[in-house]
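Printed here is data30.cif (mmCIF, C-alpha atoms, pLDDT in the B column; chains and numbers go by the auth columns):
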data_final
#
loop_
_atom_site.group_PDB
_atom_site.id
_atom_site.type_symbol
_atom_site.label_atom_id
_atom_site.label_comp_id
_atom_site.label_asym_id
_atom_site.label_seq_id
_atom_site.Cartn_x
_atom_site.Cartn_y
_atom_site.Cartn_z
_atom_site.B_iso_or_equiv
_atom_site.auth_seq_id
_atom_site.auth_asym_id
ATOM 1 C CA MET A 1 144.513 11.270 30.612 46.00 1 A
ATOM 2 C CA ASP A 2 143.081 10.293 27.238 52.00 2 A
ATOM 3 C CA ILE A 3 144.786 12.324 24.479 54.00 3 A
ATOM 4 C CA GLN A 4 141.660 12.328 22.278 57.00 4 A
ATOM 5 C CA PHE A 5 139.597 13.748 25.161 55.00 5 A
ATOM 6 C CA CYS A 6 142.268 16.397 25.801 56.00 6 A
ATOM 7 C CA ARG A 7 142.332 17.415 22.110 58.00 7 A
ATOM 8 C CA GLU A 8 138.537 17.652 21.940 61.00 8 A
ATOM 9 C CA ARG A 9 138.433 19.732 25.121 62.00 9 A
ATOM 10 C CA VAL A 10 141.106 22.148 23.886 60.00 10 A
ATOM 11 C CA LEU A 11 139.473 22.445 20.464 58.00 11 A
ATOM 12 C CA SER A 12 136.066 23.219 21.988 63.00 12 A
ATOM 13 C CA GLY A 13 137.714 25.812 24.256 62.00 13 A
ATOM 14 C CA LEU A 14 139.439 27.476 21.296 58.00 14 A
ATOM 15 C CA ILE A 15 136.193 27.599 19.320 61.00 15 A
ATOM 16 C CA SER A 16 134.303 29.029 22.328 60.00 16 A
ATOM 17 C CA CYS A 17 136.923 31.765 22.855 57.00 17 A
ATOM 18 C CA PHE A 18 136.849 32.645 19.176 56.00 18 A
ATOM 19 C CA LEU A 19 133.043 32.873 19.096 54.00 19 A
ATOM 20 C CA LEU A 20 132.995 35.018 22.238 55.00 20 A
ATOM 21 C CA MET A 21 135.470 37.417 20.674 54.00 21 A
ATOM 22 C CA VAL A 22 133.581 37.611 17.394 52.00 22 A
ATOM 23 C CA PHE A 23 130.132 38.172 18.906 53.00 23 A
ATOM 24 C CA ALA A 24 130.996 40.231 21.989 52.00 24 A
ATOM 25 C CA SER A 25 129.350 43.638 21.767 48.00 25 A
ATOM 26 C CA GLN A 26 132.094 45.605 23.568 52.00 26 A
ATOM 27 C CA SER A 27 135.189 43.969 22.126 49.00 27 A
ATOM 28 C CA HIS A 28 136.288 46.909 19.983 55.00 28 A
ATOM 29 C CA ALA A 29 139.803 46.910 21.460 72.00 29 A
ATOM 30 C CA THR A 30 140.299 43.146 21.178 81.00 30 A
ATOM 31 C CA GLU A 31 142.781 41.694 18.724 87.00 31 A
ATOM 32 C CA ALA A 32 142.949 37.984 17.951 88.00 32 A
ATOM 33 C CA THR A 33 145.741 36.099 16.215 91.00 33 A
ATOM 34 C CA GLY A 34 146.018 32.489 15.210 92.00 34 A
ATOM 35 C CA ALA A 35 148.246 30.065 13.385 93.00 35 A
ATOM 36 C CA ILE A 36 148.060 26.467 12.266 94.00 36 A
ATOM 37 C CA GLY A 37 151.044 24.678 10.836 95.00 37 A
ATOM 38 C CA SER A 38 153.193 21.616 10.462 95.00 38 A
ATOM 39 C CA ARG A 39 156.891 21.100 9.901 94.00 39 A
ATOM 40 C CA ILE A 40 159.129 18.090 9.309 94.00 40 A
ATOM 41 C CA GLU A 41 162.715 18.065 10.515 92.00 41 A
ATOM 42 C CA HIS A 42 165.481 15.509 10.030 91.00 42 A
ATOM 43 C CA THR A 43 168.093 15.376 12.757 88.00 43 A
ATOM 44 C CA ASP A 44 171.253 13.294 12.998 87.00 44 A
ATOM 45 C CA ASN A 45 171.402 13.625 16.794 81.00 45 A
ATOM 46 C CA VAL A 46 167.849 13.504 18.127 81.00 46 A
ATOM 47 C CA ARG A 47 169.037 12.747 21.686 77.00 47 A
ATOM 48 C CA ARG A 48 171.409 15.753 21.643 77.00 48 A
ATOM 49 C CA THR A 49 174.196 13.849 23.328 76.00 49 A
ATOM 50 C CA ASN A 50 177.940 13.638 22.721 77.00 50 A
ATOM 51 C CA THR A 51 177.655 9.849 22.559 78.00 51 A
ATOM 52 C CA ASN A 52 174.903 7.532 21.304 77.00 52 A
ATOM 53 C CA ALA A 53 173.821 9.824 18.457 80.00 53 A
ATOM 54 C CA GLU A 54 170.662 8.648 16.652 84.00 54 A
ATOM 55 C CA THR A 55 168.933 9.965 13.567 88.00 55 A
ATOM 56 C CA ASP A 56 165.199 10.543 13.379 89.00 56 A
ATOM 57 C CA VAL A 57 162.576 12.500 11.469 92.00 57 A
ATOM 58 C CA ILE A 58 160.303 14.631 13.650 92.00 58 A
ATOM 59 C CA GLN A 59 156.957 15.972 12.453 93.00 59 A
ATOM 60 C CA THR A 60 155.562 18.812 14.546 93.00 60 A
ATOM 61 C CA THR A 61 151.950 19.906 14.091 94.00 61 A
ATOM 62 C CA TYR A 62 150.652 22.912 16.009 93.00 62 A
ATOM 63 C CA ALA A 63 147.768 25.324 16.496 94.00 63 A
ATOM 64 C CA GLU A 64 148.128 28.675 18.269 92.00 64 A
ATOM 65 C CA LEU A 65 145.581 31.251 19.393 92.00 65 A
ATOM 66 C CA GLY A 66 146.290 34.652 20.906 91.00 66 A
ATOM 67 C CA VAL A 67 143.951 37.310 22.265 89.00 67 A
ATOM 68 C CA GLU A 68 144.838 40.826 23.401 86.00 68 A
ATOM 69 C CA GLU A 69 142.523 43.457 24.839 83.00 69 A
ATOM 70 C CA VAL A 70 143.569 47.017 25.591 79.00 70 A
ATOM 71 C CA ARG A 71 141.356 49.585 27.314 74.00 71 A
ATOM 72 C CA LYS A 72 142.107 52.840 29.054 73.00 72 A
ATOM 73 C CA ARG A 73 142.763 51.353 32.513 71.00 73 A
ATOM 74 C CA PHE A 74 143.006 47.663 31.684 73.00 74 A
ATOM 75 C CA LYS A 75 145.258 45.451 29.545 78.00 75 A
ATOM 76 C CA ALA A 76 145.211 41.674 29.111 80.00 76 A
ATOM 77 C CA ASP A 77 146.570 39.106 26.708 83.00 77 A
ATOM 78 C CA ALA A 78 146.295 35.347 26.539 84.00 78 A
ATOM 79 C CA THR A 79 147.923 32.653 24.426 86.00 79 A
ATOM 80 C CA LEU A 80 147.179 28.991 23.897 87.00 80 A
ATOM 81 C CA LYS A 81 149.293 26.518 21.904 89.00 81 A
ATOM 82 C CA LEU A 82 148.571 22.867 21.183 89.00 82 A
ATOM 83 C CA GLN A 83 151.478 20.928 19.693 90.00 83 A
ATOM 84 C CA ASN A 84 152.057 17.305 18.665 91.00 84 A
ATOM 85 C CA GLU A 85 155.488 15.790 17.957 90.00 85 A
ATOM 86 C CA HIS A 86 155.686 12.520 16.011 92.00 86 A
ATOM 87 C CA TYR A 87 158.999 10.610 15.864 91.00 87 A
ATOM 88 C CA TYR A 88 159.052 8.446 12.714 92.00 88 A
ATOM 89 C CA GLU A 89 161.971 6.239 13.817 89.00 89 A
ATOM 90 C CA GLY A 90 160.498 5.741 17.303 86.00 90 A
ATOM 91 C CA THR A 91 163.344 7.408 19.212 86.00 91 A
ATOM 92 C CA TYR A 92 160.736 8.860 21.586 87.00 92 A
ATOM 93 C CA GLU A 93 157.027 8.285 21.994 86.00 93 A
ATOM 94 C CA ASP A 94 154.718 10.759 20.286 86.00 94 A
ATOM 95 C CA GLU A 95 154.052 13.713 22.543 85.00 95 A
ATOM 96 C CA THR A 96 151.121 16.122 22.649 86.00 96 A
ATOM 97 C CA SER A 97 151.574 19.259 24.730 83.00 97 A
ATOM 98 C CA LEU A 98 149.441 22.217 25.671 81.00 98 A
ATOM 99 C CA THR A 99 151.089 25.456 26.707 81.00 99 A
ATOM 100 C CA SER A 100 149.192 28.535 27.705 79.00 100 A
ATOM 101 C CA GLY A 101 149.611 31.814 29.407 76.00 101 A
ATOM 102 C CA PHE A 102 148.065 35.047 30.426 70.00 102 A
ATOM 103 C CA GLY A 103 151.130 36.986 29.431 65.00 103 A
ATOM 104 C CA LEU A 104 150.077 40.187 31.091 68.00 104 A
ATOM 105 C CA PHE A 105 147.047 41.304 33.038 66.00 105 A
ATOM 106 C CA THR A 106 147.299 44.928 34.170 74.00 106 A
ATOM 107 C CA VAL A 107 144.770 47.106 35.987 71.00 107 A
ATOM 108 C CA ASP A 108 145.423 50.810 36.646 69.00 108 A
ATOM 109 C CA LEU A 109 144.527 51.344 40.307 70.00 109 A
ATOM 110 C CA VAL A 110 145.724 54.948 40.396 73.00 110 A
ATOM 111 C CA GLU A 111 146.181 56.340 36.894 69.00 111 A
ATOM 112 C CA ASP A 112 149.837 56.836 35.892 69.00 112 A
ATOM 113 C CA PHE A 113 150.964 55.963 39.437 76.00 113 A
ATOM 114 C CA LEU A 114 149.968 52.459 40.617 80.00 114 A
ATOM 115 C CA GLU A 115 149.235 49.379 38.526 80.00 115 A
ATOM 116 C CA TRP A 116 148.574 45.780 39.527 79.00 116 A
ATOM 117 C CA GLN A 117 150.034 43.145 37.213 81.00 117 A
ATOM 118 C CA ALA A 118 149.537 39.398 37.094 80.00 118 A
ATOM 119 C CA THR A 119 150.958 36.746 34.781 81.00 119 A
ATOM 120 C CA PHE A 120 150.267 33.037 34.451 79.00 120 A
ATOM 121 C CA SER A 121 152.012 30.610 32.159 76.00 121 A
ATOM 122 C CA ARG A 122 152.236 26.872 31.565 74.00 122 A
ATOM 123 C CA THR A 123 155.458 26.040 29.800 74.00 123 A
ATOM 124 C CA ASP A 124 157.801 23.125 29.350 71.00 124 A
ATOM 125 C CA VAL A 125 161.199 23.344 30.994 71.00 125 A
ATOM 126 C CA VAL A 126 164.211 21.084 31.372 69.00 126 A
ATOM 127 C CA SER A 127 163.721 19.101 34.591 70.00 127 A
ATOM 128 C CA ASP A 128 167.444 18.470 35.143 68.00 128 A
ATOM 129 C CA THR A 129 169.913 20.933 33.626 65.00 129 A
ATOM 130 C CA SER A 130 172.803 18.498 34.091 70.00 130 A
ATOM 131 C CA GLN A 131 171.251 16.220 31.436 68.00 131 A
ATOM 132 C CA ASP A 132 170.792 16.794 27.711 66.00 132 A
ATOM 133 C CA GLU A 133 167.561 18.496 26.624 67.00 133 A
ATOM 134 C CA ASN A 134 165.167 16.011 25.039 70.00 134 A
ATOM 135 C CA PRO A 135 161.537 14.902 25.542 75.00 135 A
ATOM 136 C CA ASP A 136 162.544 12.621 28.446 75.00 136 A
ATOM 137 C CA THR A 137 164.080 15.487 30.427 76.00 137 A
ATOM 138 C CA ARG A 138 161.280 18.045 29.890 75.00 138 A
ATOM 139 C CA GLU A 139 158.386 18.684 32.245 79.00 139 A
ATOM 140 C CA PHE A 140 155.546 21.203 32.398 76.00 140 A
ATOM 141 C CA ARG A 141 155.376 23.898 35.060 78.00 141 A
ATOM 142 C CA ASN A 142 152.640 26.354 35.982 80.00 142 A
ATOM 143 C CA ILE A 143 154.026 29.775 36.962 80.00 143 A
ATOM 144 C CA PHE A 144 151.919 32.566 38.523 83.00 144 A
ATOM 145 C CA ARG A 145 153.284 36.019 39.364 82.00 145 A
ATOM 146 C CA THR A 146 151.424 39.042 40.700 84.00 146 A
ATOM 147 C CA GLY A 147 152.119 42.359 42.384 83.00 147 A
ATOM 148 C CA PRO A 148 152.015 46.145 42.160 83.00 148 A
ATOM 149 C CA THR A 149 154.201 48.279 39.928 77.00 149 A
#
Encoded form (structure tokens):
Amino acid sequence: MDIQFCRERVLSGLISCFLLMVFASQSHATEATGAIGSRIEHTDNVRRTNTNAETDVIQTTYAELGVEEVRKRFKADATLKLQNEHYYEGTYEDETSLTSGFGLFTVDLVEDFLEWQATFSRTDVVSDTSQDENPDTREFRNIFRTGPT
């Protein structure tokens, strides 16, 4: 997938969500948060191994957006994070990742007695725990959970 296309699609989605929140007529209980940042880190063991230690400088640039809505019988929150890692010494290829989640979606079916909850998240995890954690051993997983409480 073309990274430029992915960035444009995510950016247009973020702008659309923001505009919907701003101009929605019944969004009185909606709270939005956001952050944009960049950090540079020097590491003397970028591969995180006991042997073959390499140094590198990693620049991480990110944008985050969060939305939470709370009503009497309904709660929902969503997060979206776009992150780019650039390795100056070329230890790993540059990596752009998108993580998201509907952290909690709750509907009161019977007030103070029965609720239905659902969560969805897309996160990066270590694909093989017997290996060291680095960009080559990470993969993205979609996780959906739902049920009554």
Exercise for the section: Please measure the separation of CA of Arg39 in chain A and CA of Ser100 in chain A, giving the value in Å to one decimal. Expected result: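 Separating CA of Arg39 in chain A from CA of Ser100 in chain A is a distance of 20.8 Å.
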Run the PyMOL selection byres ((chain A and resi 142-144) around 12) on the file and write out the hits as a JSON list (two decimals) with C-alpha atoms, in the coordinates of the input.
[["chain", "number", "residue", "atom", "x", "y", "z"],
["A", 98, "LEU", "CA", 149.44, 22.22, 25.67],
["A", 99, "THR", "CA", 151.09, 25.46, 26.71],
["A", 100, "SER", "CA", 149.19, 28.54, 27.70],
["A", 101, "GLY", "CA", 149.61, 31.81, 29.41],
["A", 102, "PHE", "CA", 148.06, 35.05, 30.43],
["A", 103, "GLY", "CA", 151.13, 36.99, 29.43],
["A", 104, "LEU", "CA", 150.08, 40.19, 31.09],
["A", 105, "PHE", "CA", 147.05, 41.30, 33.04],
["A", 117, "GLN", "CA", 150.03, 43.14, 37.21],
["A", 118, "ALA", "CA", 149.54, 39.40, 37.09],
["A", 119, "THR", "CA", 150.96, 36.75, 34.78],
["A", 120, "PHE", "CA", 150.27, 33.04, 34.45],
["A", 121, "SER", "CA", 152.01, 30.61, 32.16],
["A", 122, "ARG", "CA", 152.24, 26.87, 31.56],
["A", 123, "THR", "CA", 155.46, 26.04, 29.80],
["A", 124, "ASP", "CA", 157.80, 23.12, 29.35],
["A", 125, "VAL", "CA", 161.20, 23.34, 30.99],
["A", 139, "GLU", "CA", 158.39, 18.68, 32.24],
["A", 140, "PHE", "CA", 155.55, 21.20, 32.40],
["A", 141, "ARG", "CA", 155.38, 23.90, 35.06],
["A", 145, "ARG", "CA", 153.28, 36.02, 39.36],
["A", 146, "THR", "CA", 151.42, 39.04, 40.70],
["A", 147, "GLY", "CA", 152.12, 42.36, 42.38]]
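Take the candidates A:Ala76, A:Ile58, A:Leu114, A:Val67 and check each one against Glu95 in chain A using only C-alpha atoms; the shortest distance goes to A:Ile58.
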Practice task
Evaluate the PyMOL selection byres ((chain A and resi 89) around 10) here and jot the selected residues down as a PyMOL selection string.
Solution key: chain A and resi 54-58+86-88+90-93
Handout entry: Atom-to-atom span, CA of Lys81 in chain A and CA of Ser130 in chain A, Å
Key = 27.7 Å
Practice task
Identify all residues satisfying the PyMOL selection byres ((chain A and resi 33) around 12) in the given file; provide them as a list in words.
Solution key: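 Applying the expression gives Leu14, Cys17, Phe18, Met21, Thr30, Glu31, Ala32, Gly34, Ala35, Ile36, Ala63, Glu64, Leu65, Gly66, Val67, Glu68, Glu69, Asp77, Ala78, Thr79, Leu80 and Lys81 of chain A.
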Handout entry: Top pick for closest residue to Tyr62 in chain A, considering A:Arg48, A:Gly37, A:Thr43, A:Ala29 and counting all atoms listed in the file
Key =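 Using all atoms listed in the file, the shortest distance to Tyr62 in chain A belongs to A:Gly37.
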Practice task
Could you check how far CA of Glu41 in chain A sits from CA of Ser127 in chain A, in Å to one decimal?
Solution key: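 If I compute the distance from CA of Glu41 in chain A to CA of Ser127 in chain A, I get 24.1 Å.
Each of A:Phe113, A:Ile40, A:Thr61, A:Lys72 was compared to Ser97 in chain A using all atoms listed in the file, and A:Thr61 turns out to be the nearest.
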Exercise for the section: Counting only C-alpha atoms, figure out which residue out of A:Arg73, A:Ser38, A:Ala53, A:Gln59 gets nearest to Leu109 in chain A. Expected result: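 Closest to Leu109 in chain A of all the choices is A:Arg73.
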